[in-house]
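Here is entry_30.txt, consisting of compact mmCIF, C-alpha atoms:
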```
# COMPACT_ATOMS: atom_id res chain seq x y z
CA MET A 1093 59.49 157.58 255.48
CA SER A 1094 59.96 153.87 254.74
CA THR A 1095 57.24 151.80 253.10
CA GLY A 1096 57.13 149.59 256.19
CA VAL A 1097 55.97 152.54 258.26
CA GLN A 1098 53.90 154.31 255.63
CA HIS A 1099 51.40 151.47 255.35
CA LEU A 1100 50.54 151.87 259.04
CA LEU A 1101 49.25 155.42 258.57
CA PRO A 1102 45.57 156.23 257.98
CA CYS A 1103 44.33 157.97 254.86
CA ALA A 1104 44.93 161.71 254.88
CA GLU A 1105 41.16 162.26 254.95
CA PRO A 1106 38.49 160.05 256.54
CA VAL A 1107 37.35 157.28 254.19
CA GLN A 1108 34.00 158.14 252.64
CA LEU A 1109 31.95 156.07 250.21
CA LEU A 1110 28.65 157.96 250.45
CA THR A 1111 28.33 161.74 250.43
CA GLU A 1112 26.11 163.48 252.96
CA ASP A 1113 23.31 163.59 250.36
CA GLY A 1114 23.45 159.81 249.89
CA THR A 1115 25.26 159.47 246.56
CA ARG A 1116 28.31 157.29 245.92
CA THR A 1117 31.59 159.15 245.97
CA ASP A 1118 34.47 158.83 243.58
CA PRO A 1119 37.01 157.12 245.90
CA THR A 1120 40.38 158.78 246.34
CA SER A 1121 43.50 157.00 245.12
CA GLU A 1122 44.32 156.11 248.74
CA VAL A 1123 40.92 154.46 249.24
CA ARG A 1124 41.24 152.54 245.97
CA GLU A 1125 44.74 151.35 246.85
CA ARG A 1126 43.55 150.02 250.22
CA GLY A 1127 40.80 148.03 248.58
CA TYR A 1128 37.83 149.08 250.72
CA ALA A 1129 35.05 147.24 248.91
CA PHE A 1130 31.68 148.97 248.61
CA PRO A 1131 29.13 146.79 250.48
CA SER A 1132 26.25 145.12 248.69
CA ASP A 1133 22.75 146.60 248.81
CA GLU A 1134 21.65 143.55 250.81
CA ASP A 1135 24.25 144.21 253.52
CA LEU A 1136 23.51 147.94 253.59
CA LEU A 1137 19.79 147.23 253.86
CA ALA A 1138 20.51 145.10 256.95
CA VAL A 1139 22.54 147.97 258.45
CA TRP A 1140 19.78 150.49 257.67
CA ARG A 1141 17.10 148.27 259.24
CA GLN A 1142 19.11 147.81 262.44
CA MET A 1143 19.88 151.53 262.65
CA VAL A 1144 16.15 152.32 262.43
CA ILE A 1145 15.36 149.83 265.20
CA GLY A 1146 18.35 151.04 267.22
CA ARG A 1147 17.31 154.69 266.90
CA ARG A 1148 13.81 153.86 268.13
CA PHE A 1149 15.23 151.83 271.01
CA ASP A 1150 17.51 154.74 271.91
CA ALA A 1151 14.58 157.15 272.01
CA GLN A 1152 12.58 154.73 274.15
CA ALA A 1153 15.45 154.29 276.59
CA THR A 1154 15.80 158.07 276.86
CA ALA A 1155 12.09 158.31 277.67
CA LEU A 1156 12.45 155.63 280.34
CA THR A 1157 14.90 157.83 282.25
CA LYS A 1158 12.24 160.55 282.44
CA GLN A 1159 9.79 157.99 283.82
CA GLY A 1160 12.22 156.86 286.50
CA ARG A 1161 12.67 153.41 284.99
CA LEU A 1162 16.35 153.96 284.22
CA ALA A 1163 18.82 155.60 286.58
CA VAL A 1164 20.82 157.04 283.69
CA TYR A 1165 21.06 156.61 279.94
CA PRO A 1166 23.86 157.72 277.60
CA SER A 1167 22.28 158.17 274.18
CA SER A 1168 24.14 157.20 271.03
CA ARG A 1169 21.81 159.02 268.61
CA GLY A 1170 23.91 160.33 265.75
CA GLN A 1171 26.48 157.57 266.20
CA ASP A 1172 24.11 154.96 264.78
CA ALA A 1173 26.39 153.78 261.96
CA CYS A 1174 29.25 153.26 264.42
CA GLN A 1175 26.98 151.35 266.79
CA VAL A 1176 25.52 149.03 264.17
CA ALA A 1177 27.85 148.33 261.24
CA PRO A 1178 30.92 147.01 263.14
CA VAL A 1179 28.75 144.72 265.31
CA LEU A 1180 26.76 143.27 262.40
CA ALA A 1181 30.05 142.37 260.70
CA LEU A 1182 31.19 140.26 263.68
CA GLN A 1183 31.07 136.48 263.62
CA GLU A 1184 29.62 134.27 266.33
CA GLN A 1185 33.01 133.31 267.79
CA ASP A 1186 34.18 136.93 268.09
CA TRP A 1187 34.22 138.86 271.36
CA PHE A 1188 32.81 142.36 271.80
CA PHE A 1189 33.95 144.82 274.48
CA PRO A 1190 31.48 147.74 274.78
CA THR A 1191 31.44 150.97 276.75
CA TYR A 1192 28.56 152.39 278.77
CA ARG A 1193 27.30 154.26 275.66
CA ASP A 1194 26.93 151.19 273.50
CA SER A 1195 23.46 149.88 274.36
CA MET A 1196 22.43 150.24 270.72
CA ALA A 1197 25.40 148.08 269.76
CA LEU A 1198 24.36 145.45 272.32
CA ILE A 1199 20.91 145.00 270.82
CA SER A 1200 22.50 144.95 267.36
CA ARG A 1201 24.55 142.01 268.67
CA GLY A 1202 21.24 140.26 269.40
CA LEU A 1203 21.14 140.74 273.16
CA ASP A 1204 17.83 141.07 274.96
CA PRO A 1205 17.18 144.84 275.32
CA VAL A 1206 15.99 144.57 278.92
CA GLU A 1207 19.12 142.62 279.84
CA ALA A 1208 21.19 145.24 278.01
CA LEU A 1209 19.58 148.01 280.12
CA THR A 1210 20.03 146.24 283.47
CA LEU A 1211 23.26 148.06 284.31
CA LEU A 1212 21.73 151.46 283.53
CA ARG A 1213 18.66 150.55 285.54
CA GLY A 1214 20.91 149.94 288.52
CA SER A 1215 19.53 146.51 289.40
CA TRP A 1216 22.63 144.44 288.53
CA HIS A 1217 26.19 144.90 287.32
CA CYS A 1218 25.47 143.13 284.02
CA GLY A 1219 22.14 141.75 282.86
CA TYR A 1220 23.39 139.28 280.26
CA ASP A 1221 25.74 136.30 280.30
CA PRO A 1222 29.12 137.47 278.93
CA ALA A 1223 30.36 133.93 278.26
CA ALA A 1224 27.22 132.85 276.40
CA THR A 1225 26.98 136.03 274.32
CA ARG A 1226 30.76 136.54 273.98
CA THR A 1227 30.05 140.13 274.97
CA ALA A 1228 31.87 141.69 277.91
CA PRO A 1229 29.97 143.79 280.47
CA GLN A 1230 29.57 147.43 279.54
CA CYS A 1231 32.61 149.30 280.78
CA THR A 1232 32.00 152.51 282.72
CA PRO A 1233 35.62 153.40 283.67
CA LEU A 1234 37.22 154.87 280.58
CA ALA A 1235 39.30 152.51 278.43
CA THR A 1236 39.75 149.73 280.98
CA GLN A 1237 38.20 147.41 278.39
CA ALA A 1238 41.17 147.97 276.02
CA PRO A 1239 43.61 145.66 277.85
CA HIS A 1240 40.77 143.16 278.31
CA ALA A 1241 40.13 143.11 274.56
CA ALA A 1242 43.84 142.80 273.81
CA GLY A 1243 44.08 139.86 276.18
CA ALA A 1244 40.98 138.21 274.75
CA GLY A 1245 42.33 138.51 271.23
CA HIS A 1246 45.66 137.08 272.31
CA GLY A 1247 43.94 134.21 274.08
CA MET A 1248 41.85 133.31 271.05
CA ALA A 1249 44.95 133.33 268.86
CA ARG A 1250 46.83 131.05 271.27
CA ARG A 1251 43.91 128.61 271.28
CA GLY A 1252 43.60 128.75 267.50
CA GLU A 1253 39.93 129.76 267.65
CA GLY A 1254 40.05 132.00 264.60
CA GLY A 1255 38.08 134.74 266.31
CA LEU A 1256 38.85 138.38 267.03
CA ALA A 1257 38.05 140.93 269.72
CA LEU A 1258 36.29 144.19 268.92
CA CYS A 1259 36.86 146.99 271.43
CA PHE A 1260 34.75 150.16 271.35
CA ILE A 1261 36.33 153.29 272.84
CA GLY A 1262 35.30 156.93 273.02
CA ASP A 1263 37.62 159.77 272.06
CA GLY A 1264 38.05 160.64 275.75
CA GLY A 1265 39.18 157.08 276.42
CA THR A 1266 42.19 157.56 274.13
CA SER A 1267 43.64 159.95 276.73
CA GLU A 1268 43.71 157.16 279.32
CA GLY A 1269 46.73 154.99 280.03
CA ASP A 1270 44.69 151.79 279.63
CA PHE A 1271 44.12 152.63 275.96
CA HIS A 1272 47.84 152.83 275.27
CA GLU A 1273 48.60 149.74 277.34
CA GLY A 1274 45.97 147.81 275.41
CA LEU A 1275 47.37 148.90 272.04
CA ASN A 1276 50.93 148.13 273.06
CA PHE A 1277 50.09 144.65 274.37
CA ALA A 1278 48.01 143.82 271.29
CA ALA A 1279 50.81 144.95 268.98
CA VAL A 1280 53.62 143.15 270.80
CA PHE A 1281 51.66 139.87 270.94
CA ASN A 1282 50.12 140.32 267.46
CA ALA A 1283 46.64 139.94 268.93
CA PRO A 1284 43.63 139.88 266.57
CA THR A 1285 42.01 142.87 268.26
CA VAL A 1286 40.27 145.75 266.49
CA PHE A 1287 40.09 149.01 268.45
CA PHE A 1288 37.18 151.13 267.20
CA VAL A 1289 37.27 154.74 268.43
CA GLN A 1290 33.99 156.63 268.19
CA ASN A 1291 35.26 160.19 268.04
CA ASN A 1292 32.10 162.14 268.87
CA ARG A 1293 34.08 165.33 269.56
CA TYR A 1294 33.51 165.55 273.31
CA ALA A 1295 34.70 163.68 276.39
CA ILE A 1296 31.63 164.75 278.36
CA SER A 1297 32.32 168.51 278.12
CA VAL A 1298 35.99 168.43 277.06
CA PRO A 1299 36.34 169.14 273.31
CA LEU A 1300 38.73 167.09 271.20
CA ALA A 1301 41.10 170.03 270.75
CA ARG A 1302 41.80 169.97 274.52
CA GLN A 1303 42.60 166.24 274.45
CA THR A 1304 45.15 165.78 271.69
CA LYS A 1305 47.47 167.53 269.23
CA ALA A 1306 47.57 164.51 266.89
CA PRO A 1307 46.34 165.12 263.30
CA SER A 1308 43.65 162.58 264.14
CA LEU A 1309 43.27 159.90 266.78
CA ALA A 1310 43.99 157.24 264.16
CA TYR A 1311 47.60 158.44 264.06
CA LYS A 1312 48.11 157.12 267.59
CA GLY A 1313 48.42 153.61 266.16
CA ILE A 1314 51.76 154.19 264.44
CA GLY A 1315 53.54 154.63 267.78
CA TYR A 1316 52.75 150.99 268.52
CA GLY A 1317 53.24 149.63 265.03
CA ILE A 1318 49.51 149.18 264.50
CA ARG A 1319 47.80 149.54 261.14
CA SER A 1320 45.27 152.37 261.43
CA GLU A 1321 42.50 154.10 259.52
CA GLN A 1322 40.09 156.98 259.88
CA VAL A 1323 36.58 156.89 258.47
CA ASP A 1324 33.51 159.09 258.16
CA GLY A 1325 31.55 157.62 261.06
CA ASN A 1326 28.24 158.91 259.70
CA ASP A 1327 28.74 157.03 256.42
CA PRO A 1328 27.39 153.51 257.08
CA ALA A 1329 28.86 152.13 253.85
CA ALA A 1330 32.35 153.37 254.69
CA VAL A 1331 32.15 152.20 258.30
CA LEU A 1332 31.14 148.72 257.18
CA ALA A 1333 33.81 148.56 254.47
CA VAL A 1334 36.68 149.74 256.69
CA THR A 1335 35.61 147.53 259.61
CA ARG A 1336 35.44 144.47 257.38
CA ALA A 1337 38.94 145.21 256.09
CA ALA A 1338 40.17 145.52 259.69
CA TYR A 1339 38.56 142.20 260.60
CA GLU A 1340 40.17 140.52 257.58
CA HIS A 1341 43.53 141.98 258.65
CA ALA A 1342 43.14 140.62 262.20
CA ARG A 1343 41.86 137.18 261.15
CA ALA A 1344 44.75 136.78 258.72
CA GLY A 1345 47.20 136.95 261.62
CA ARG A 1346 48.50 140.41 260.77
CA GLY A 1347 47.83 141.78 264.24
CA PRO A 1348 45.63 144.52 265.68
CA PHE A 1349 43.95 147.36 263.81
CA LEU A 1350 42.92 150.85 265.01
CA ILE A 1351 39.93 152.65 263.48
CA GLU A 1352 38.87 156.20 264.26
CA ALA A 1353 35.30 156.98 263.23
CA HIS A 1354 34.49 160.70 263.00
CA THR A 1355 30.96 161.11 264.28
CA TYR A 1356 28.89 163.22 266.68
CA ARG A 1357 26.80 162.75 269.81
CA LEU A 1358 23.56 164.64 269.12
CA GLU A 1359 22.18 164.28 272.64
CA ALA A 1360 23.76 165.31 275.92
CA HIS A 1361 26.42 163.09 277.50
CA THR A 1362 23.66 161.49 279.57
CA ASN A 1363 20.21 162.55 280.74
CA ALA A 1364 21.99 164.13 283.76
CA ASP A 1365 24.10 166.43 281.55
CA ASP A 1366 23.36 169.93 280.23
CA ALA A 1367 25.17 170.03 276.88
CA THR A 1368 24.21 173.67 276.26
CA ARG A 1369 26.89 174.66 278.77
CA TYR A 1370 29.73 173.60 276.49
CA ARG A 1371 28.52 173.48 272.87
CA GLN A 1372 26.49 175.70 270.59
CA ALA A 1373 23.09 174.84 269.12
CA ASP A 1374 24.24 175.58 265.56
CA GLU A 1375 26.93 172.90 265.90
CA VAL A 1376 24.30 170.32 266.80
CA THR A 1377 22.11 171.49 263.91
CA GLN A 1378 24.99 171.14 261.48
CA TRP A 1379 25.68 167.56 262.54
CA SER A 1380 21.97 166.69 262.50
CA GLY A 1381 22.14 167.25 258.75
CA ARG A 1382 24.69 164.44 258.52
CA ASP A 1383 22.29 161.81 259.82
CA PRO A 1384 23.63 158.34 258.92
CA ILE A 1385 20.14 156.82 258.67
CA ALA A 1386 18.91 159.46 256.23
CA ARG A 1387 22.13 159.21 254.20
CA LEU A 1388 21.84 155.46 253.73
CA ARG A 1389 18.09 155.62 253.14
CA THR A 1390 18.61 158.04 250.25
CA TYR A 1391 21.16 155.72 248.67
CA LEU A 1392 19.03 152.59 249.06
CA VAL A 1393 15.90 154.29 247.72
CA GLY A 1394 17.95 155.40 244.73
CA THR A 1395 19.10 151.84 243.97
CA GLY A 1396 15.60 150.46 244.43
CA ALA A 1397 16.70 148.22 247.30
CA LEU A 1398 14.48 150.08 249.77
CA THR A 1399 10.82 150.20 248.78
CA PRO A 1400 8.03 152.12 250.53
CA GLU A 1401 6.57 148.80 251.65
CA ARG A 1402 9.84 147.68 253.19
CA GLU A 1403 10.31 151.04 254.89
CA GLU A 1404 6.82 150.85 256.39
CA GLN A 1405 7.48 147.29 257.56
CA VAL A 1406 10.71 148.25 259.35
CA ALA A 1407 9.07 151.29 260.96
CA ALA A 1408 6.34 149.03 262.36
CA GLU A 1409 8.96 146.54 263.52
CA ALA A 1410 10.82 149.32 265.36
CA GLU A 1411 7.63 150.48 267.08
CA GLU A 1412 6.81 146.94 268.14
CA TYR A 1413 10.33 146.54 269.50
CA ALA A 1414 10.06 149.78 271.51
CA ALA A 1415 6.64 148.81 272.86
CA ASP A 1416 8.02 145.49 274.10
CA VAL A 1417 10.94 147.27 275.82
CA ARG A 1418 8.56 149.79 277.38
CA GLU A 1419 6.15 147.14 278.65
CA ARG A 1420 8.85 144.95 280.21
CA MET A 1421 10.81 147.86 281.69
CA ASN A 1422 7.64 149.12 283.37
CA ARG A 1423 7.44 145.95 285.43
CA GLU A 1424 8.97 146.22 288.88
CA PRO A 1425 12.29 144.35 288.97
CA GLU A 1426 12.71 141.48 291.40
CA VAL A 1427 15.43 142.47 293.84
CA ALA A 1428 17.50 140.15 296.00
CA PRO A 1429 19.65 142.22 298.38
CA LEU A 1430 21.79 139.25 299.40
CA SER A 1431 22.83 138.73 295.78
CA LEU A 1432 25.18 141.63 296.49
CA PHE A 1433 27.55 139.04 297.92
CA ASP A 1434 27.36 136.66 294.97
CA HIS A 1435 30.18 136.43 292.45
CA VAL A 1436 32.66 138.32 294.66
CA TYR A 1437 34.88 135.33 295.43
CA ALA A 1438 34.63 131.70 294.35
CA GLU A 1439 34.70 130.85 298.06
CA PRO A 1440 33.31 133.63 300.30
CA THR A 1441 35.76 134.96 302.86
CA PRO A 1442 34.87 135.02 306.60
CA GLN A 1443 34.45 138.79 306.38
CA LEU A 1444 32.05 138.44 303.44
CA ARG A 1445 30.00 135.84 305.28
CA GLU A 1446 29.84 138.13 308.31
CA GLN A 1447 28.64 141.03 306.19
CA ALA A 1448 26.03 138.86 304.47
CA ALA A 1449 24.74 137.67 307.84
CA MET A 1450 24.48 141.28 309.02
CA VAL A 1451 22.42 142.26 305.97
CA ALA A 1452 20.23 139.17 306.39
CA ALA A 1453 19.55 140.15 309.98
CA GLU A 1454 18.63 143.70 308.98
CA LEU A 1455 16.25 142.37 306.33
CA GLU A 1456 14.66 140.03 308.87
CA ASP A 1457 14.12 142.92 311.29
CA ALA A 1458 12.65 145.04 308.51
CA HIS A 1459 10.31 142.41 307.09
CA GLY A 1460 9.68 140.25 310.12
CA SER A 1461 10.61 137.00 308.37
CA GLU A 1462 13.73 134.93 308.12
CA VAL A 1463 16.02 135.66 305.17
CA THR A 1464 18.70 133.12 304.30
CA ALA A 1465 22.18 134.33 303.42
```
Give the structure from this file in structure tokens form.
Amino acid sequence: MSTGVQHLLPCAEPVQLLTEDGTRTDPTSEVRERGYAFPSDEDLLAVWRQMVIGRRFDAQATALTKQGRLAVYPSSRGQDACQVAPVLALQEQDWFFPTYRDSMALISRGLDPVEALTLLRGSWHCGYDPAATRTAPQCTPLATQAPHAAGAGHGMARRGEGGLALCFIGDGGTSEGDFHEGLNFAAVFNAPTVFFVQNNRYAISVPLARQTKAPSLAYKGIGYGIRSEQVDGNDPAAVLAVTRAAYEHARAGRGPFLIEAHTYRLEAHTNADDATRYRQADEVTQWSGRDPIARLRTYLVGTGALTPEREEQVAAEAEEYAADVRERMNREPEVAPLSLFDHVYAEPTPQLREQAAMVAAELEDAHGSEVTA
């Protein structure tokens, strides 16, 4: 195999910088050659803090579904390092394209948690301003955000903005045509787009072995001429290091980058799913022992970067954050039925105006007062 092709391939084994017990590994020759720099304690402390807050937020959102305050919630517990590290490494001018499972990533981006939960509450299609936050709406159809991210990266490059597009995808999304179209477009146009696959082993109930025969999903990049890597997705240090290298690659004008993060979804697909129908309890127990928060905590305590006082402070901060989410989500949302017709067309069509008038009339009959369309 020529050198020009060889450099596109991922490492033979997922990149790992911290073992499951929280100690630094002796990097393989492949990892050393690729120059994945071990992050500073300061950066890892920021990742740990946000994972703790994100985990508490995730638990609170799960509880809100049981209270009827959310229509559905896809938990990302267990995927915390994948949700937090890549987002914290973004710059302000970068764009982020999330999936429906990435609420933890949205709050890591700095979005208001109630706005981030608006879609899952069912009260609006997107609760935040995509243009202002440079964060696309959460994508429910699998992988349709991949061409969007490729196009956004290409557009930023054409305008000379110096930014990149980060696209989150699940392992199931890699079986969709949109994923391959997005990769191909990004490669052909040399777009600064990073595709980050969170391989949590299941596409709802379909195990990875029934989705692909590739050695790993990271190998899919070579077919499009895209530099690729696979990483231990429960190792926050490795996720941050590999993602930063991918961002540097994209910003330098060397084109897109594909990352596969090996991780695990500890909860069911959503609160409406019964995961016991397709996976065994001992599998979940095994992956619970690979907790990314515990792994990084052990390392930071060992270096002295994380003190008991700091740990107590962050725990209190996480509780305060969850309490604020709970209090605001328990308020009844203000609904405006006629807003259904907003943002459909720049200039409403005659049919849309007719439909809006019909709804307004029904509301007037129901409430006994005039409602303007």
Find the residues near Val1206 in chain A: any atom within 8 Å, counting only C-alpha atoms, skip ones fewer than 2 places away on the same chain, and give them as a PyMOL selection string. chain A and resi 1204+1208-1210+1219+1417+1420-1421
What gap, in Å, lies between CA of Glu1268 in chain A and CA of Ala1242 in chain A?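 For CA of Glu1268 in chain A relative to CA of Ala1242 in chain A, the distance reads 15.4 Å.
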Record the distance separating CA of Asp1186 in chain A and CA of Ala1257 in chain A, expressed in Å with one decimal. 5.8 Å
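Reported to one decimal place, the separation of CA of Ala1306 in chain A from CA of Pro1119 in chain A is 24.6 Å.
Comparing the minimum interatomic distances between Leu1162 in chain A and each of A:Gly1214, A:Gly1202, A:Pro1384, A:Gly1345, counting only C-alpha atoms, we find that A:Gly1214 sits nearest.
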A:Glu1321, A:Glu1207, A:Asp1133, A:Asp1221 ranked by distance to Gln1108 in chain A, top pick (using only C-alpha atoms):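 Counting only C-alpha atoms, the residue closest to Gln1108 in chain A is A:Glu1321.
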Applying 10 Å and all atoms listed in the file, which residues near range 1110-1112 of chain A remain after dropping the ones on its own chain fewer than 4 positions away? List them as a VMD selection string. chain A and resid 1116 to 1119 1130 1324 1326 to 1330 1381 to 1384 1386 to 1388 1390 to 1391
Excluding Ala1310 in chain A and its own-chain neighbours fewer than 2 positions away, which residues fall within 9 Å of it when counting all atoms listed in the file? Please give them as an NGL selection string. :A and (1101-1102 or 1289 or 1306-1308 or 1312-1314 or 1320-1322 or 1350-1353)
So which residues touch Thr1355 in chain A within 8 Å, counting all atoms listed in the file, skipping near sequence neighbours fewer than 5 positions away, as a PyMOL selection string? chain A and resi 1170-1171+1290-1293+1324-1326
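Comparing A:Ile1296, A:Val1393, A:Gln1303, A:Gly1315 by their smallest distance to Arg1371 in chain A, the closest is A:Ile1296 (using all atoms listed in the file).
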What's the 6 Å shell around range 1223-1235 of chain A, counting all atoms listed in the file, without same-chain residues fewer than 3 positions away, as JSON, numbers by chain? {"A": [1187, 1188, 1189, 1190, 1191, 1192, 1218, 1238, 1265, 1270, 1271]}
Quick one: residues within 10 Å of (18.9, 145.1, 268.9) (file frame), counting all atoms listed in the file, please, as number ranges by chain. A: 1142-1143, 1145-1147, 1149, 1176, 1195-1205, 1208, 1410, 1413
Please determine the residues with any atom at most 9 Å from (17.5, 149.4, 249.0) (coordinates as given in the file, with all atoms listed in the file counting) and report them as JSON, numbers by chain. {"A": [1133, 1134, 1136, 1137, 1388, 1389, 1390, 1391, 1392, 1393, 1394, 1395, 1396, 1397, 1398, 1399, 1402]}
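Restricting the calculation to all atoms listed in the file, the smallest distance between Thr1368 in chain A and any of A:Leu1332, A:Ser1297, A:Asp1135, A:Leu1455 is found for A:Ser1297.
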Counting only C-alpha atoms, the residue of A:Thr1115, A:Thr1304, A:Gln1372, A:Thr1285 that sits nearest Arg1346 in chain A: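 Between A:Thr1115, A:Thr1304, A:Gln1372, A:Thr1285, the residue approaching Arg1346 in chain A most closely is A:Thr1285.
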Mind dumping range 1409-1456 of chain A from that block, keeping C-alpha atoms, as a PDB file, in the first residue's frame?
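Written out: part.pdb:
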```pdb
ATOM      1  CA  GLU A1409     -22.681  23.600  40.844  1.00  0.00           C
ATOM      2  CA  ALA A1410     -24.188  20.581  39.063  1.00  0.00           C
ATOM      3  CA  GLU A1411     -27.032  20.362  41.588  1.00  0.00           C
ATOM      4  CA  GLU A1412     -27.760  24.060  41.223  1.00  0.00           C
ATOM      5  CA  TYR A1413     -27.787  23.672  37.448  1.00  0.00           C
ATOM      6  CA  ALA A1414     -30.233  20.740  37.638  1.00  0.00           C
ATOM      7  CA  ALA A1415     -32.483  22.615  40.063  1.00  0.00           C
ATOM      8  CA  ASP A1416     -32.683  25.572  37.683  1.00  0.00           C
ATOM      9  CA  VAL A1417     -33.572  23.250  34.772  1.00  0.00           C
ATOM     10  CA  ARG A1418     -36.204  21.505  36.896  1.00  0.00           C
ATOM     11  CA  GLU A1419     -37.787  24.742  38.088  1.00  0.00           C
ATOM     12  CA  ARG A1420     -38.006  26.305  34.623  1.00  0.00           C
ATOM     13  CA  MET A1421     -39.174  23.117  32.901  1.00  0.00           C
ATOM     14  CA  ASN A1422     -41.982  22.788  35.445  1.00  0.00           C
ATOM     15  CA  ARG A1423     -43.488  26.050  34.233  1.00  0.00           C
ATOM     16  CA  GLU A1424     -46.226  25.652  31.661  1.00  0.00           C
ATOM     17  CA  PRO A1425     -44.920  26.654  28.220  1.00  0.00           C
ATOM     18  CA  GLU A1426     -46.607  29.492  26.370  1.00  0.00           C
ATOM     19  CA  VAL A1427     -48.122  28.038  23.222  1.00  0.00           C
ATOM     20  CA  ALA A1428     -49.098  29.923  20.089  1.00  0.00           C
ATOM     21  CA  PRO A1429     -50.903  27.557  17.694  1.00  0.00           C
ATOM     22  CA  LEU A1430     -50.691  29.975  14.776  1.00  0.00           C
ATOM     23  CA  SER A1431     -46.901  29.975  15.018  1.00  0.00           C
ATOM     24  CA  LEU A1432     -47.212  26.643  13.222  1.00  0.00           C
ATOM     25  CA  PHE A1433     -47.367  28.661  10.022  1.00  0.00           C
ATOM     26  CA  ASP A1434     -44.323  30.813  10.766  1.00  0.00           C
ATOM     27  CA  HIS A1435     -41.001  30.166   9.055  1.00  0.00           C
ATOM     28  CA  VAL A1436     -42.514  27.890   6.394  1.00  0.00           C
ATOM     29  CA  TYR A1437     -42.039  30.287   3.487  1.00  0.00           C
ATOM     30  CA  ALA A1438     -40.573  33.788   3.351  1.00  0.00           C
ATOM     31  CA  GLU A1439     -43.877  34.847   1.780  1.00  0.00           C
ATOM     32  CA  PRO A1440     -46.843  32.651   2.808  1.00  0.00           C
ATOM     33  CA  THR A1441     -48.610  30.941  -0.066  1.00  0.00           C
ATOM     34  CA  PRO A1442     -52.388  31.356  -0.588  1.00  0.00           C
ATOM     35  CA  GLN A1443     -52.892  27.794   0.647  1.00  0.00           C
ATOM     36  CA  LEU A1444     -50.907  28.525   3.813  1.00  0.00           C
ATOM     37  CA  ARG A1445     -52.912  31.667   4.483  1.00  0.00           C
ATOM     38  CA  GLU A1446     -56.130  29.697   4.011  1.00  0.00           C
ATOM     39  CA  GLN A1447     -54.992  27.037   6.462  1.00  0.00           C
ATOM     40  CA  ALA A1448     -53.937  29.663   9.008  1.00  0.00           C
ATOM     41  CA  ALA A1449     -57.327  31.362   8.725  1.00  0.00           C
ATOM     42  CA  MET A1450     -59.052  28.015   9.289  1.00  0.00           C
ATOM     43  CA  VAL A1451     -57.048  27.362  12.459  1.00  0.00           C
ATOM     44  CA  ALA A1452     -57.705  30.908  13.665  1.00  0.00           C
ATOM     45  CA  ALA A1453     -61.424  30.378  13.195  1.00  0.00           C
ATOM     46  CA  GLU A1454     -61.334  27.104  15.123  1.00  0.00           C
ATOM     47  CA  LEU A1455     -59.458  28.792  17.962  1.00  0.00           C
ATOM     48  CA  GLU A1456     -62.003  31.614  18.017  1.00  0.00           C
TER      49      GLU A1456
END
```
